[in-house]
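Listing of coords10.cif, mmCIF, C-alpha atoms
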data_data
loop_
_atom_site.group_PDB
_atom_site.id
_atom_site.type_symbol
_atom_site.label_atom_id
_atom_site.label_comp_id
_atom_site.auth_asym_id
_atom_site.auth_seq_id
_atom_site.Cartn_x
_atom_site.Cartn_y
_atom_site.Cartn_z
ATOM 1 C CA MET A 789 140.890 64.670 116.508
ATOM 2 C CA LEU A 790 144.547 65.548 117.207
ATOM 3 C CA GLY A 791 145.500 63.925 113.919
ATOM 4 C CA VAL A 792 143.253 66.389 112.142
ATOM 5 C CA ALA A 793 145.151 69.263 113.776
ATOM 6 C CA MET A 794 148.451 67.962 112.464
ATOM 7 C CA THR A 795 147.318 68.166 108.857
ATOM 8 C CA ALA A 796 145.078 71.210 109.062
ATOM 9 C CA PRO A 797 146.129 74.030 106.740
ATOM 10 C CA ALA A 798 147.229 77.356 108.159
ATOM 11 C CA VAL A 799 144.168 79.492 108.676
ATOM 12 C CA ALA A 800 143.694 83.098 109.607
ATOM 13 C CA ASP A 801 140.216 82.348 110.890
ATOM 14 C CA TYR A 802 140.178 79.844 113.740
ATOM 15 C CA SER A 803 136.384 79.681 113.771
ATOM 16 C CA LYS A 804 136.724 77.492 110.671
ATOM 17 C CA HIS A 805 139.396 75.195 112.092
ATOM 18 C CA PRO A 806 138.375 71.497 112.165
ATOM 19 C CA LEU A 807 138.663 71.489 115.974
ATOM 20 C CA ALA A 808 136.634 74.673 116.463
ATOM 21 C CA PRO A 809 133.107 73.142 116.541
ATOM 22 C CA ALA A 810 133.918 70.928 119.537
ATOM 23 C CA PHE A 811 135.527 73.857 121.352
ATOM 24 C CA ILE A 812 132.576 76.147 120.645
ATOM 25 C CA ASP A 813 130.163 73.477 121.845
ATOM 26 C CA GLU A 814 132.099 73.073 125.102
ATOM 27 C CA MET A 815 132.122 76.824 125.757
ATOM 28 C CA VAL A 816 128.379 76.990 125.156
ATOM 29 C CA GLN A 817 127.330 73.839 127.000
ATOM 30 C CA GLN A 818 129.714 73.964 129.959
ATOM 31 C CA HIS A 819 130.566 77.626 130.431
ATOM 32 C CA GLY A 820 127.522 79.586 129.332
ATOM 33 C CA PHE A 821 128.922 81.418 126.335
ATOM 34 C CA THR A 822 126.912 81.942 123.182
ATOM 35 C CA ALA A 823 128.129 80.309 119.992
ATOM 36 C CA SER A 824 128.254 83.653 118.234
ATOM 37 C CA GLU A 825 130.556 85.291 120.784
ATOM 38 C CA VAL A 826 132.978 82.346 120.762
ATOM 39 C CA GLU A 827 132.946 82.255 116.954
ATOM 40 C CA SER A 828 133.574 85.989 116.832
ATOM 41 C CA ILE A 829 136.669 85.705 119.013
ATOM 42 C CA LEU A 830 138.028 82.688 117.133
ATOM 43 C CA ARG A 831 137.436 84.480 113.845
ATOM 44 C CA SER A 832 139.861 87.175 114.962
ATOM 45 C CA ALA A 833 142.534 84.699 116.103
ATOM 46 C CA GLU A 834 145.379 83.824 113.748
ATOM 47 C CA LYS A 835 147.761 80.902 113.479
ATOM 48 C CA ARG A 836 151.300 82.051 114.192
ATOM 49 C CA GLN A 837 154.031 79.782 112.872
ATOM 50 C CA PRO A 838 156.805 81.509 114.887
ATOM 51 C CA ILE A 839 154.972 80.423 118.038
ATOM 52 C CA LEU A 840 155.086 76.799 116.918
ATOM 53 C CA ASP A 841 158.765 77.182 116.070
ATOM 54 C CA ALA A 842 159.586 78.750 119.445
ATOM 55 C CA ILE A 843 157.816 76.172 121.579
ATOM 56 C CA ALA A 844 159.688 73.383 119.827
ATOM 57 C CA ARG A 845 163.047 74.664 121.118
ATOM 58 C CA PRO A 846 162.807 76.046 124.681
ATOM 59 C CA ALA A 847 166.155 77.083 126.152
ATOM 60 C CA GLU A 848 165.826 74.604 129.015
ATOM 61 C CA LYS A 849 165.993 71.736 126.523
ATOM 62 C CA SER A 850 168.611 73.092 124.129
ATOM 63 C CA LYS A 851 171.198 74.547 126.548
ATOM 64 C CA THR A 852 173.437 73.191 129.270
ATOM 65 C CA TRP A 853 173.603 74.826 132.712
ATOM 66 C CA LYS A 854 176.847 76.620 131.840
ATOM 67 C CA GLU A 855 175.068 78.134 128.822
ATOM 68 C CA TYR A 856 171.724 78.733 130.513
ATOM 69 C CA ARG A 857 172.857 80.433 133.748
ATOM 70 C CA PRO A 858 174.578 83.446 132.098
ATOM 71 C CA ILE A 859 171.303 84.376 130.399
ATOM 72 C CA PHE A 860 169.906 85.427 133.768
ATOM 73 C CA ILE A 861 172.818 86.001 136.153
ATOM 74 C CA VAL A 862 174.247 89.140 134.592
ATOM 75 C CA PRO A 863 175.014 92.567 136.125
ATOM 76 C CA MET A 864 172.192 94.382 134.327
ATOM 77 C CA ARG A 865 169.539 91.959 135.591
ATOM 78 C CA ILE A 866 170.881 92.353 139.119
ATOM 79 C CA THR A 867 170.939 96.152 138.788
ATOM 80 C CA ASN A 868 167.416 96.229 137.406
ATOM 81 C CA GLY A 869 166.278 93.834 140.120
ATOM 82 C CA LEU A 870 167.699 95.988 142.869
ATOM 83 C CA ALA A 871 165.918 99.033 141.412
ATOM 84 C CA PHE A 872 162.641 97.074 141.225
ATOM 85 C CA TRP A 873 163.062 95.912 144.823
ATOM 86 C CA GLN A 874 163.774 99.417 146.074
ATOM 87 C CA GLU A 875 160.861 100.909 144.155
ATOM 88 C CA HIS A 876 158.388 98.303 145.418
ATOM 89 C CA ARG A 877 159.920 97.668 148.820
ATOM 90 C CA ALA A 878 156.662 98.164 150.728
ATOM 91 C CA ALA A 879 154.677 95.730 148.574
ATOM 92 C CA LEU A 880 157.457 93.138 148.716
ATOM 93 C CA ALA A 881 157.725 93.419 152.492
ATOM 94 C CA ALA A 882 153.959 93.058 152.832
ATOM 95 C CA ALA A 883 153.929 90.010 150.557
ATOM 96 C CA GLU A 884 156.799 88.409 152.445
ATOM 97 C CA LYS A 885 154.985 88.968 155.741
ATOM 98 C CA GLN A 886 151.625 87.650 154.484
ATOM 99 C CA TYR A 887 152.791 84.692 152.395
ATOM 100 C CA GLY A 888 156.187 83.829 153.894
ATOM 101 C CA VAL A 889 158.024 84.052 150.570
ATOM 102 C CA PRO A 890 161.276 86.074 150.663
ATOM 103 C CA ALA A 891 161.288 89.323 148.711
ATOM 104 C CA GLU A 892 164.385 88.251 146.776
ATOM 105 C CA ILE A 893 162.636 85.115 145.495
ATOM 106 C CA ILE A 894 159.627 87.141 144.306
ATOM 107 C CA VAL A 895 161.892 89.679 142.599
ATOM 108 C CA ALA A 896 163.985 86.906 141.034
ATOM 109 C CA ILE A 897 160.919 85.228 139.535
ATOM 110 C CA ILE A 898 159.773 88.503 137.992
ATOM 111 C CA GLY A 899 163.347 89.145 136.848
ATOM 112 C CA VAL A 900 163.751 85.784 135.137
ATOM 113 C CA GLU A 901 160.262 85.881 133.632
ATOM 114 C CA THR A 902 160.099 89.416 132.245
ATOM 115 C CA ASN A 903 163.217 91.353 133.326
ATOM 116 C CA TYR A 904 161.026 93.173 135.868
ATOM 117 C CA GLY A 905 158.248 93.966 133.426
ATOM 118 C CA ARG A 906 160.456 95.093 130.566
ATOM 119 C CA ASN A 907 159.557 92.105 128.394
ATOM 120 C CA MET A 908 156.073 90.758 129.094
ATOM 121 C CA GLY A 909 155.599 89.428 125.576
ATOM 122 C CA SER A 910 154.264 90.931 122.381
ATOM 123 C CA TRP A 911 152.033 88.118 121.129
ATOM 124 C CA LYS A 912 148.293 88.419 121.304
ATOM 125 C CA VAL A 913 147.295 85.899 123.937
ATOM 126 C CA ILE A 914 144.346 84.766 121.839
ATOM 127 C CA ASP A 915 146.682 84.001 118.901
ATOM 128 C CA ALA A 916 149.161 82.133 121.093
ATOM 129 C CA LEU A 917 146.589 79.960 122.810
ATOM 130 C CA THR A 918 144.534 79.117 119.719
ATOM 131 C CA THR A 919 147.669 78.307 117.723
ATOM 132 C CA LEU A 920 148.885 75.932 120.425
ATOM 133 C CA ALA A 921 145.476 74.504 121.314
ATOM 134 C CA PHE A 922 144.519 73.681 117.732
ATOM 135 C CA ASP A 923 147.822 73.222 115.909
ATOM 136 C CA TYR A 924 150.342 71.856 118.414
ATOM 137 C CA PRO A 925 149.338 68.225 119.054
ATOM 138 C CA PRO A 926 152.091 67.378 121.592
ATOM 139 C CA ARG A 927 150.498 69.664 124.204
ATOM 140 C CA ALA A 928 147.128 70.440 122.682
ATOM 141 C CA PRO A 929 145.052 69.313 125.716
ATOM 142 C CA PHE A 930 146.986 71.622 128.041
ATOM 143 C CA PHE A 931 146.687 74.664 125.799
ATOM 144 C CA ARG A 932 143.064 73.912 125.003
ATOM 145 C CA SER A 933 142.375 74.019 128.740
ATOM 146 C CA GLU A 934 144.256 77.310 128.986
ATOM 147 C CA LEU A 935 142.218 78.705 126.093
ATOM 148 C CA VAL A 936 139.029 77.780 127.953
ATOM 149 C CA ASN A 937 140.355 79.534 131.051
ATOM 150 C CA TYR A 938 141.326 82.572 129.004
ATOM 151 C CA PHE A 939 137.795 82.955 127.670
ATOM 152 C CA ILE A 940 136.425 82.702 131.208
ATOM 153 C CA LEU A 941 139.087 85.032 132.633
ATOM 154 C CA THR A 942 138.334 87.820 130.184
ATOM 155 C CA ARG A 943 134.606 87.449 130.821
ATOM 156 C CA GLU A 944 135.114 87.533 134.601
ATOM 157 C CA GLN A 945 137.340 90.597 134.377
ATOM 158 C CA LYS A 946 135.164 92.259 131.727
ATOM 159 C CA HIS A 947 138.085 92.736 129.341
ATOM 160 C CA ASN A 948 138.389 92.349 125.595
ATOM 161 C CA PRO A 949 140.063 88.963 124.901
ATOM 162 C CA LEU A 950 141.667 90.395 121.763
ATOM 163 C CA GLU A 951 143.631 93.018 123.677
ATOM 164 C CA PHE A 952 145.839 91.139 126.146
ATOM 165 C CA LYS A 953 149.400 90.365 125.083
ATOM 166 C CA GLY A 954 151.863 87.862 126.492
ATOM 167 C CA SER A 955 154.494 85.269 125.689
ATOM 168 C CA TYR A 956 154.452 82.845 122.791
ATOM 169 C CA ALA A 957 152.919 80.309 125.209
ATOM 170 C CA GLY A 958 150.141 82.657 126.350
ATOM 171 C CA ALA A 959 151.704 83.631 129.692
ATOM 172 C CA MET A 960 150.811 87.108 130.913
ATOM 173 C CA GLY A 961 151.973 89.988 133.027
ATOM 174 C CA PHE A 962 155.017 90.689 135.215
ATOM 175 C CA GLY A 963 155.033 87.120 136.525
ATOM 176 C CA GLN A 964 153.910 85.416 133.297
ATOM 177 C CA PHE A 965 150.807 83.676 134.621
ATOM 178 C CA MET A 966 148.964 81.275 132.385
ATOM 179 C CA PRO A 967 145.181 81.890 132.375
ATOM 180 C CA SER A 968 144.478 79.011 134.785
ATOM 181 C CA SER A 969 147.149 80.313 137.173
ATOM 182 C CA TYR A 970 145.632 83.776 136.992
ATOM 183 C CA ARG A 971 142.192 82.445 137.875
ATOM 184 C CA ASN A 972 143.508 80.248 140.698
ATOM 185 C CA PHE A 973 146.350 82.231 142.235
ATOM 186 C CA ALA A 974 146.413 85.892 141.148
ATOM 187 C CA VAL A 975 145.361 88.326 143.874
ATOM 188 C CA ASP A 976 144.270 91.940 144.049
ATOM 189 C CA PHE A 977 147.114 92.795 146.418
ATOM 190 C CA SER A 978 146.672 96.533 145.917
ATOM 191 C CA GLY A 979 142.996 96.342 146.871
ATOM 192 C CA ASP A 980 141.739 98.465 143.977
ATOM 193 C CA GLY A 981 139.136 95.956 142.816
ATOM 194 C CA PHE A 982 140.981 94.577 139.761
ATOM 195 C CA THR A 983 143.674 91.912 139.805
ATOM 196 C CA ASP A 984 146.028 93.606 137.365
ATOM 197 C CA ILE A 985 149.195 91.569 136.791
ATOM 198 C CA TRP A 986 149.899 93.475 133.548
ATOM 199 C CA ASN A 987 150.253 97.036 134.787
ATOM 200 C CA ASN A 988 150.214 96.892 138.598
ATOM 201 C CA PRO A 989 153.484 95.580 140.111
ATOM 202 C CA THR A 990 151.840 95.330 143.545
ATOM 203 C CA ASP A 991 149.264 92.858 142.258
ATOM 204 C CA ALA A 992 152.000 90.948 140.419
ATOM 205 C CA ILE A 993 154.120 90.739 143.579
ATOM 206 C CA GLY A 994 151.244 89.474 145.696
ATOM 207 C CA SER A 995 150.210 87.018 143.000
ATOM 208 C CA VAL A 996 153.677 85.456 142.713
ATOM 209 C CA ALA A 997 153.897 85.157 146.496
ATOM 210 C CA ASN A 998 150.446 83.567 146.710
ATOM 211 C CA TYR A 999 151.355 81.141 143.920
ATOM 212 C CA PHE A 1000 154.419 80.033 145.836
ATOM 213 C CA LYS A 1001 152.578 79.645 149.124
ATOM 214 C CA LYS A 1002 149.820 77.589 147.498
ATOM 215 C CA HIS A 1003 152.469 75.361 145.890
ATOM 216 C CA GLY A 1004 154.144 74.455 149.145
ATOM 217 C CA TRP A 1005 156.771 77.113 149.873
ATOM 218 C CA GLN A 1006 158.221 76.544 153.353
ATOM 219 C CA SER A 1007 158.948 79.849 155.045
ATOM 220 C CA GLY A 1008 162.458 80.146 156.434
ATOM 221 C CA LYS A 1009 163.622 76.841 154.947
ATOM 222 C CA ALA A 1010 166.540 76.219 152.591
ATOM 223 C CA VAL A 1011 166.199 75.774 148.831
ATOM 224 C CA VAL A 1012 169.190 73.603 147.922
ATOM 225 C CA VAL A 1013 172.075 71.716 149.498
ATOM 226 C CA PRO A 1014 175.321 71.135 147.530
ATOM 227 C CA ALA A 1015 176.196 67.487 146.971
ATOM 228 C CA ARG A 1016 178.814 65.127 145.552
ATOM 229 C CA LEU A 1017 178.825 61.559 144.306
ATOM 230 C CA SER A 1018 180.259 58.818 146.507
ATOM 231 C CA GLN A 1019 179.613 56.070 143.972
ATOM 232 C CA ALA A 1020 180.362 55.709 140.273
ATOM 233 C CA ARG A 1021 178.310 58.158 138.226
ATOM 234 C CA ALA A 1022 176.947 55.405 135.976
ATOM 235 C CA GLN A 1023 175.596 53.638 139.034
ATOM 236 C CA VAL A 1024 173.976 56.760 140.437
ATOM 237 C CA ILE A 1025 172.319 57.986 137.248
ATOM 238 C CA ALA A 1026 170.877 54.544 136.668
ATOM 239 C CA ASN A 1027 168.608 55.142 139.666
ATOM 240 C CA ASP A 1028 165.098 56.023 138.483
ATOM 241 C CA ALA A 1029 164.768 58.827 141.030
ATOM 242 C CA PHE A 1030 167.905 60.709 139.967
ATOM 243 C CA ASN A 1031 167.439 63.918 137.937
ATOM 244 C CA LYS A 1032 163.649 63.647 138.163
ATOM 245 C CA VAL A 1033 161.577 66.735 138.968
ATOM 246 C CA VAL A 1034 159.109 65.052 141.291
ATOM 247 C CA PRO A 1035 157.914 65.883 144.807
ATOM 248 C CA PRO A 1036 160.827 65.219 147.207
ATOM 249 C CA VAL A 1037 160.353 61.795 148.769
ATOM 250 C CA LEU A 1038 163.774 60.237 149.282
ATOM 251 C CA THR A 1039 165.640 61.681 152.270
ATOM 252 C CA LEU A 1040 169.270 62.788 152.277
ATOM 253 C CA GLY A 1041 170.017 59.652 154.276
ATOM 254 C CA GLU A 1042 168.442 57.495 151.582
ATOM 255 C CA TRP A 1043 170.269 59.378 148.830
ATOM 256 C CA LYS A 1044 173.534 58.755 150.657
ATOM 257 C CA LYS A 1045 172.950 55.013 150.279
ATOM 258 C CA ILE A 1046 172.367 55.527 146.543
ATOM 259 C CA GLY A 1047 175.616 57.446 146.214
ATOM 260 C CA VAL A 1048 174.740 61.144 146.487
ATOM 261 C CA VAL A 1049 175.911 62.840 149.685
ATOM 262 C CA PRO A 1050 175.567 66.417 150.969
ATOM 263 C CA ILE A 1051 178.706 68.528 151.333
ATOM 264 C CA ALA A 1052 177.040 70.986 153.680
ATOM 265 C CA LYS A 1053 175.447 70.365 157.052
ATOM 266 C CA ALA A 1054 171.872 69.135 156.627
ATOM 267 C CA SER A 1055 169.528 66.728 158.378
ATOM 268 C CA LYS A 1056 169.571 63.215 156.978
ATOM 269 C CA ASN A 1057 165.777 63.218 157.287
ATOM 270 C CA LEU A 1058 165.276 66.055 154.772
ATOM 271 C CA PRO A 1059 163.349 64.936 151.669
ATOM 272 C CA ALA A 1060 165.111 66.034 148.483
ATOM 273 C CA ILE A 1061 165.530 65.482 144.785
ATOM 274 C CA ALA A 1062 169.056 64.962 143.420
ATOM 275 C CA ILE A 1063 170.087 66.948 140.352
ATOM 276 C CA GLU A 1064 173.112 66.974 138.061
ATOM 277 C CA PHE A 1065 174.156 70.107 136.155
ATOM 278 C CA ASP A 1066 176.789 70.509 133.445
ATOM 279 C CA GLY A 1067 178.455 73.616 134.840
ATOM 280 C CA VAL A 1068 181.408 75.812 133.896
ATOM 281 C CA ASN A 1069 183.750 73.688 136.003
ATOM 282 C CA GLY A 1070 182.260 70.351 134.966
ATOM 283 C CA LEU A 1071 179.460 68.281 136.413
ATOM 284 C CA GLU A 1072 177.988 69.545 139.675
ATOM 285 C CA TYR A 1073 175.442 67.994 141.993
ATOM 286 C CA TRP A 1074 172.725 69.454 144.173
ATOM 287 C CA PHE A 1075 169.907 68.406 146.403
ATOM 288 C CA GLY A 1076 166.729 70.321 145.680
ATOM 289 C CA LEU A 1077 164.552 70.610 148.778
ATOM 290 C CA GLN A 1078 160.830 71.356 148.955
ATOM 291 C CA ASN A 1079 161.354 75.040 148.155
ATOM 292 C CA PHE A 1080 163.368 74.102 145.057
ATOM 293 C CA TYR A 1081 160.515 71.862 143.976
ATOM 294 C CA THR A 1082 158.087 74.739 144.576
ATOM 295 C CA ILE A 1083 160.082 76.923 142.166
ATOM 296 C CA THR A 1084 159.762 74.167 139.551
ATOM 297 C CA ARG A 1085 155.974 74.482 139.822
ATOM 298 C CA TYR A 1086 156.505 77.753 137.950
ATOM 299 C CA ASN A 1087 158.639 76.065 135.291
ATOM 300 C CA ARG A 1088 159.419 72.354 135.449
ATOM 301 C CA SER A 1089 163.078 72.770 134.517
ATOM 302 C CA PRO A 1090 165.675 72.266 137.293
ATOM 303 C CA MET A 1091 167.907 74.788 135.493
ATOM 304 C CA TYR A 1092 165.115 77.361 135.690
ATOM 305 C CA ALA A 1093 164.709 76.778 139.420
ATOM 306 C CA MET A 1094 168.443 77.079 140.031
ATOM 307 C CA ALA A 1095 168.650 80.253 137.941
ATOM 308 C CA VAL A 1096 165.868 81.807 140.023
ATOM 309 C CA TYR A 1097 167.622 80.778 143.220
ATOM 310 C CA ASP A 1098 171.044 82.036 142.097
ATOM 311 C CA LEU A 1099 169.549 85.349 140.976
ATOM 312 C CA SER A 1100 167.793 85.696 144.329
ATOM 313 C CA LEU A 1101 171.136 85.295 146.124
ATOM 314 C CA GLU A 1102 172.742 87.980 143.961
ATOM 315 C CA LEU A 1103 169.788 90.300 144.522
ATOM 316 C CA LYS A 1104 169.969 89.790 148.286
ATOM 317 C CA LYS A 1105 173.689 90.602 148.233
ATOM 318 C CA ALA A 1106 173.048 93.748 146.193
ATOM 319 C CA MET A 1107 170.288 94.881 148.556
ATOM 320 C CA ASN A 1108 172.419 94.275 151.638
ATOM 321 C CA LYS A 1109 175.284 96.208 150.052
ATOM 322 C CA SER A 1110 172.930 99.076 149.194
ATOM 323 C CA ILE A 1111 171.610 99.208 152.766
ATOM 324 C CA SER A 1112 175.153 99.106 154.150
ATOM 325 C CA ASN A 1113 176.265 101.942 151.861
ATOM 326 C CA MET A 1114 173.287 104.075 152.880
ATOM 327 C CA ALA A 1115 174.056 103.454 156.553
ATOM 328 C CA ARG A 1116 177.665 104.635 156.071
ATOM 329 C CA VAL A 1117 176.513 107.782 154.282
ATOM 330 C CA ASN A 1118 174.063 108.603 157.062
#

Take the structure in the file and write it out as structure tokens.
Amino acid sequence: MLGVAMTAPAVADYSKHPLAPAFIDEMVQQHGFTASEVESILRSAEKRQPILDAIARPAEKSKTWKEYRPIFIVPMRITNGLAFWQEHRAALAAAEKQYGVPAEIIVAIIGVETNYGRNMGSWKVIDALTTLAFDYPPRAPFFRSELVNYFILTREQKHNPLEFKGSYAGAMGFGQFMPSSYRNFAVDFSGDGFTDIWNNPTDAIGSVANYFKKHGWQSGKAVVVPARLSQARAQVIANDAFNKVVPPVLTLGEWKKIGVVPIAKASKNLPAIAIEFDGVNGLEYWFGLQNFYTITRYNRSPMYAMAVYDLSLELKKAMNKSISNMARVN
């Protein structure tokens, strides 16, 4: 069936796509939709070639760390983040207390994802998900599942599936939740009866915090530990575990035997992943702890996780400076 999708002509009506009948049947048989309502929605969905072009070249794959980091760690994003934090201080404090996720991490995620709500995406979610589910074979099963969840989500929330907008990958709202993430982790943190991650920053804040808690965030624990190589690089990178975004299993003590050692005080029993970045000053090495791995559950790129972490540090510094300045004035 995926081979059919590769050769299917561009269509403006996805109800006539070769893969549509099987999808419609699944929605009817397994999820209680009628064929006519699914067909009606697919009929309004359009294939978008720019989406296919964009997903083929994500920044995490085309840029080095020295090129990637400056996209997010810039004065304006820190200034905007501080303003967002100050405006939503109560919600962030409540989320930190309830879920154990620091306010600066929540703000950094929203900052990296959408510049604090300024860029939540302009693609119709239905177009993005149908394009990728039916005409992007490399990840068609994933996006097909997300399309199923999107249909269910809009039915559950009693919203028109043709109205929501998001990223080229179908991610939505301040925190860019995929439909399955919305259904599993989004929360009505404001308590108004609707989990609104599109227009309600309080719900978005609570949802990001809940996502992190459910994905193993360890309250009060470190995110990374700086490292260096004690063996030849060729020997270290030959190890199958090096530079792999997998749940931390090897301890710092075990990594030391492989040739990666911490350059900051840390327990040898800490499980970690070892990462290499091509930075401004050359190659740099880090241990990513459980909280680093949790950030990669949002986006599987180590560079993404480090950008979030670095932005969170800058935001924390800016907030502390703001508090100190206010104290001096008063």

Fewer than 2 positions away in the same chain doesn't count, so skip those; otherwise give me all residues within 12 Å of Gly899 of chain A, counting only C-alpha atoms, as a PyMOL selection string. chain A and resi 859-862+864-873+892-897+901-908+962-964+993+996+1092+1095-1100+1102-1103

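Put simply, the PyMOL selection byres ((chain A and resi 1001) around 10) in this file takes in Gln886, Tyr887, Gly888, Val889, Phe973, Ser995, Val996, Ala997, Asn998, Tyr999, Phe1000, Lys1002, His1003, Gly1004, Trp1005, Gln1006, Ser1007, Asn1079 and Thr1082 of chain A.
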
Run the PyMOL selection byres ((chain A and resi 930-934) around 6) on the file and write out the hits as a PyMOL selection string. chain A and resi 920-921+927-929+935-937+967

Test item: axis-aligned box, all listed atoms of segment 987-991 of chain A, 6 Å on each side, centre and edges in Å rounded to one decimal, as lines of an AutoDock Vina configuration file:
center_x = 151.4
center_y = 94.9
center_z = 139.2
size_x = 16.2
size_y = 16.2
size_z = 20.8

Atom CA of Ile812 of chain A to atom CA of Ser832 of chain A, straight-line distance in Å: 14.4 Å

Pick out the closest residue to Lys854 of chain A from this set: A:Glu825, A:Asp841, A:Glu1072, A:Asp1066. Count only C-alpha atoms. A:Asp1066

Excluding segment 978-985 of chain A and any residue of its chain fewer than 3 positions from it, enumerate the residues within 9 Å of it, using all atoms listed in the file, and give them as a ChimeraX atom specification. /A:879,945,960-965,970,974-975,988-995

Point-to-point distance in Å for atom CA of Lys953 of chain A and atom CA of Ser910 of chain A: 5.6 Å

Using only C-alpha atoms for the distances, tell me which of A:Phe1065, A:Trp1043, A:Phe939, A:Tyr1073 is nearest to Thr852 of chain A.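 When distances to Thr852 of chain A are compared using only C-alpha atoms, the smallest one comes from A:Phe1065.
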
Which one is closest to Leu1040 of chain A: A:Pro806, A:Gly1076, A:Gly1067, A:Gly954? Count all atoms listed in the file. A:Gly1076
